[in-house]
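Everything on this sheet refers to the single structure shown next.
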Amino acid sequence: MYDLSHASDGPEMRRPFTLIDLFAGAGLFSAGLMKAGFRPVLAVDAAADAVASYNRNVAPCAVKGSVVVTKGVRPCDVLVAGPPCQGFSTLGRRDPTDVRNSLGLAILPWVEASRPLLVVVENVPPFLRSKQWRQMADGLAGLGYSDVTTWELDAADFGTPQRRKRAFTIASLIGPVAPPEPGRRNMSAGRAIMVPPPSDGDPMHVWPVKTGKAAARIAMVPPRGGRRDLVRQCPELCPPSWIKLGGDATDVYGRIDPDVPSNTLRCEFLNPSKGRYIHPYEDRVLSLREGARLQGVPDDWVFEGKPWQVARQIGNGVPLPLGRAVGTVLARALKDHLARQPVAA
């Protein structure tokens, strides 16, 4: 796999580095890495709908299964993994007893079997302060990956129209890898959503139509407003729990500010009670296509599954621009490593 002939400056130097993606979801991270020159050879996820989306939009190499079982493992240059983050995310309950918290340790047998030059584990920043991260880092060190570094990156700093902070753990056999440098001007959510307007015939440009009080609330939310505006202006539309909280600042029933990157897109973005997911100008929540655009997903992608499953696939992913930025520095480090190797006689 590590043919030293690739250390030349000829076309071989540009060969794609191979990639295994665990907890792959619909493949947003893989797609971003592909833009930096990587080629997926295997992706694993437990959700059949996500696997179908990966195979349709990214590469036909995804299989449904548990990463706890090292089935079909093969050599690769880079192994990436995005274990469940619900037990660590500040947007969730942060349950320390969540059984999914330890799934990051399931990557260790894959690392031992595939022996990649680089291992990349993506999660939310609080994961880096957890005992599970420490156990994983110690396990990687025990496999010979003595160089383990961490990055905390905001996707908006790399051309994503969304504020989304993610943590990356980089375990390396080729020396330290520097994080990508922010450099792109922030893209606004309004431009991403509306330029160009989504096609009416796009199967992804759909959203749940709200009725009753939900529809009335959405119609009353002012530009850039949210729940506290509803409590102040139309308390008759608000449940008692909102009234009790009074003017508490929250993104519940929030309308997106079109002039700046959006807030973090969650898996439940079709539900206005889960965050700031109301269209900047129209009285509705985001469509699936608009949510995908906030993740940097091109319009030729069509996800498989029911709307709530598609929303979960979109909300769980690493934005493509961020994945490309990460992939660019990984590819550079791999090329530099190969260039340093002696050429076989």
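So you can find residues: chains in the structure tokens are A, B, ... in the order shown, residues in each start at 1, and ligands are numbered from 1 in order.
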Can you pull out the residues contacting Arg115 of chain A? Cut-off 10 Å, using only C-alpha atoms, and skip same-chain residues under 2 positions away; I want them as a list in words.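 So the residues in contact are Arg74, Pro75, Cys76, Asp77, Val78, Leu79, Pro109, Trp110, Val111, Glu112, Ala113, Leu117, Leu118, Val119, Leu143, Gly144 and Leu173 of chain A.
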Could you write out, as a list in words, all the residues of segment 114-154 of chain A that DSSP marks as alpha helix (DSSP H)?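 Answer for segment 114-154 of chain A, restricted to alpha helix (DSSP H): Ser114, Lys131, Gln132, Trp133, Arg134, Gln135, Met136, Ala137, Asp138, Gly139, Leu140, Ala141 and Gly142 of chain A.
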Per residue of segment 211-286 of chain A within 10 Å of segment 184-190 of chain A, which atom pair is closest and at what distance in Å (one decimal), using only C-alpha atoms, listed by chain and increasing number, as a Markdown table?
| residue | atom | partner | partner_atom | distance |
| --- | --- | --- | --- | --- |
| A:Ile256 | CA | A:Ala189 | CA | 7.6 |
| A:Asp257 | CA | A:Ala189 | CA | 7.2 |
| A:Pro258 | CA | A:Gly190 | CA | 3.8 |
| A:Asp259 | CA | A:Ser188 | CA | 5.1 |
| A:Val260 | CA | A:Ser188 | CA | 4.3 |
| A:Pro261 | CA | A:Ser188 | CA | 4.6 |
| A:Ser262 | CA | A:Ala189 | CA | 5.4 |
| A:Asn263 | CA | A:Ala189 | CA | 9.1 |
| A:His279 | CA | A:Gly190 | CA | 8.9 |
| A:Pro280 | CA | A:Gly190 | CA | 7.1 |
| A:Tyr281 | CA | A:Gly190 | CA | 9.4 |
From A:Leu153, A:Ala311, A:Met204, A:Leu294, residue lying nearest Pro180 of chain A [only C-alpha atoms]: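 Closest candidate: A:Leu153.
Computed from the coordinates, the atom CA of Glu304 of chain A to atom CA of Asp49 of chain A distance equals 5.6 Å.
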One decimal, Å: what's the distance from atom CA of Met34 of chain A over to atom CA of Gly104 of chain A, could you say?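 Rounded to one decimal, the two atoms are 23.2 Å apart.
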Run DSSP on the backbone and grab whatever in segment 156-242 of chain A lands in strand (DSSP E or B); send it over as a ChimeraX atom specification. /A:162,165-172
How would the residues just picked look written out with C-alpha atoms as a tab-separated table (two decimals), in the first residue's frame?
chain	number	residue	atom	x	y	z
A	162	GLN	CA	-23.23	27.47	9.54
A	165	LYS	CA	-17.82	23.54	16.24
A	166	ARG	CA	-16.30	20.09	15.88
A	167	ALA	CA	-13.40	18.32	17.53
A	168	PHE	CA	-10.88	16.19	15.64
A	169	THR	CA	-8.45	13.74	17.18
A	170	ILE	CA	-5.53	12.97	14.88
A	171	ALA	CA	-3.43	9.89	15.64
A	172	SER	CA	-0.39	9.72	13.39
Do you know which residues are at most 7 Å from segment 323-333 of chain A counting only C-alpha atoms, after dropping those on the same chain fewer than 2 positions away, and could you put them as a PDB file with N, CA and C atoms, in the first residue's frame?
ATOM      1  N   PHE A  29     -18.678  13.520   5.510  1.00  0.00           N
ATOM      2  CA  PHE A  29     -17.244  13.659   5.786  1.00  0.00           C
ATOM      3  C   PHE A  29     -16.429  13.022   4.667  1.00  0.00           C
ATOM      4  N   GLY A  32     -16.333  15.320   1.674  1.00  0.00           N
ATOM      5  CA  GLY A  32     -15.398  16.420   1.847  1.00  0.00           C
ATOM      6  C   GLY A  32     -13.967  15.980   1.667  1.00  0.00           C
ATOM      7  N   LEU A  33     -13.627  14.806   2.194  1.00  0.00           N
ATOM      8  CA  LEU A  33     -12.270  14.280   2.038  1.00  0.00           C
ATOM      9  C   LEU A  33     -11.974  13.936   0.581  1.00  0.00           C
ATOM     10  N   LYS A  35     -12.941  15.552  -1.950  1.00  0.00           N
ATOM     11  CA  LYS A  35     -12.591  16.807  -2.618  1.00  0.00           C
ATOM     12  C   LYS A  35     -11.125  17.164  -2.402  1.00  0.00           C
ATOM     13  N   ALA A  36     -10.515  16.556  -1.380  1.00  0.00           N
ATOM     14  CA  ALA A  36      -9.093  16.778  -1.120  1.00  0.00           C
ATOM     15  C   ALA A  36      -8.236  15.659  -1.687  1.00  0.00           C
ATOM     16  N   PHE A 158     -14.378  27.904   7.496  1.00  0.00           N
ATOM     17  CA  PHE A 158     -13.859  27.217   6.319  1.00  0.00           C
ATOM     18  C   PHE A 158     -14.874  27.214   5.177  1.00  0.00           C
ATOM     19  N   VAL A 177       0.492  16.584  12.607  1.00  0.00           N
ATOM     20  CA  VAL A 177      -0.213  17.206  11.485  1.00  0.00           C
ATOM     21  C   VAL A 177      -0.820  18.507  11.988  1.00  0.00           C
ATOM     22  N   PRO A 179      -3.271  21.732  12.080  1.00  0.00           N
ATOM     23  CA  PRO A 179      -4.666  21.916  11.675  1.00  0.00           C
ATOM     24  C   PRO A 179      -4.780  22.874  10.498  1.00  0.00           C
ATOM     25  N   PRO A 180      -5.884  22.826   9.773  1.00  0.00           N
ATOM     26  CA  PRO A 180      -6.079  23.793   8.683  1.00  0.00           C
ATOM     27  C   PRO A 180      -6.240  25.199   9.231  1.00  0.00           C
ATOM     28  N   VAL A 318     -20.558  15.884   8.888  1.00  0.00           N
ATOM     29  CA  VAL A 318     -19.514  16.909   8.908  1.00  0.00           C
ATOM     30  C   VAL A 318     -19.696  17.753   7.652  1.00  0.00           C
ATOM     31  N   PRO A 319     -19.841  19.072   7.763  1.00  0.00           N
ATOM     32  CA  PRO A 319     -20.025  19.895   6.565  1.00  0.00           C
ATOM     33  C   PRO A 319     -18.921  19.639   5.535  1.00  0.00           C
ATOM     34  N   LEU A 320     -19.310  19.582   4.274  1.00  0.00           N
ATOM     35  CA  LEU A 320     -18.339  19.272   3.233  1.00  0.00           C
ATOM     36  C   LEU A 320     -17.173  20.258   3.182  1.00  0.00           C
ATOM     37  N   PRO A 321     -17.393  21.568   3.313  1.00  0.00           N
ATOM     38  CA  PRO A 321     -16.232  22.475   3.280  1.00  0.00           C
ATOM     39  C   PRO A 321     -15.248  22.218   4.417  1.00  0.00           C
ATOM     40  N   LYS A 335       1.636  13.232   1.620  1.00  0.00           N
ATOM     41  CA  LYS A 335       2.545  13.442   0.495  1.00  0.00           C
ATOM     42  C   LYS A 335       3.942  13.819   0.980  1.00  0.00           C
ATOM     43  N   ASP A 336       3.996  14.679   1.997  1.00  0.00           N
ATOM     44  CA  ASP A 336       5.301  15.061   2.543  1.00  0.00           C
ATOM     45  C   ASP A 336       6.011  13.848   3.124  1.00  0.00           C
ATOM     46  N   HIS A 337       5.255  12.979   3.788  1.00  0.00           N
ATOM     47  CA  HIS A 337       5.848  11.768   4.359  1.00  0.00           C
ATOM     48  C   HIS A 337       6.423  10.879   3.264  1.00  0.00           C
TER      49      HIS A 337
END
For segment 225-227 of chain A: contacts at 7 Å, only C-alpha atoms, fewer than 5 positions along chain excluded, given as a PyMOL selection string: chain A and resi 250-255
Please save C-alpha atoms of the selected residues as a compact mmCIF listing (two decimals), in the first residue's frame.
# COMPACT_ATOMS: atom_id res chain seq x y z
CA THR A 250 -33.61 30.82 23.30
CA ASP A 251 -33.55 29.71 19.69
CA VAL A 252 -36.83 27.80 19.99
CA TYR A 253 -39.11 28.92 17.14
CA GLY A 254 -36.24 31.07 15.91
CA ARG A 255 -36.12 32.65 12.47
Go through A:Pro126, A:Gly212, A:Gly317, A:Gly291 and flag the residue nearest Ala192 of chain A, using only C-alpha atoms for the distances. A:Gly291
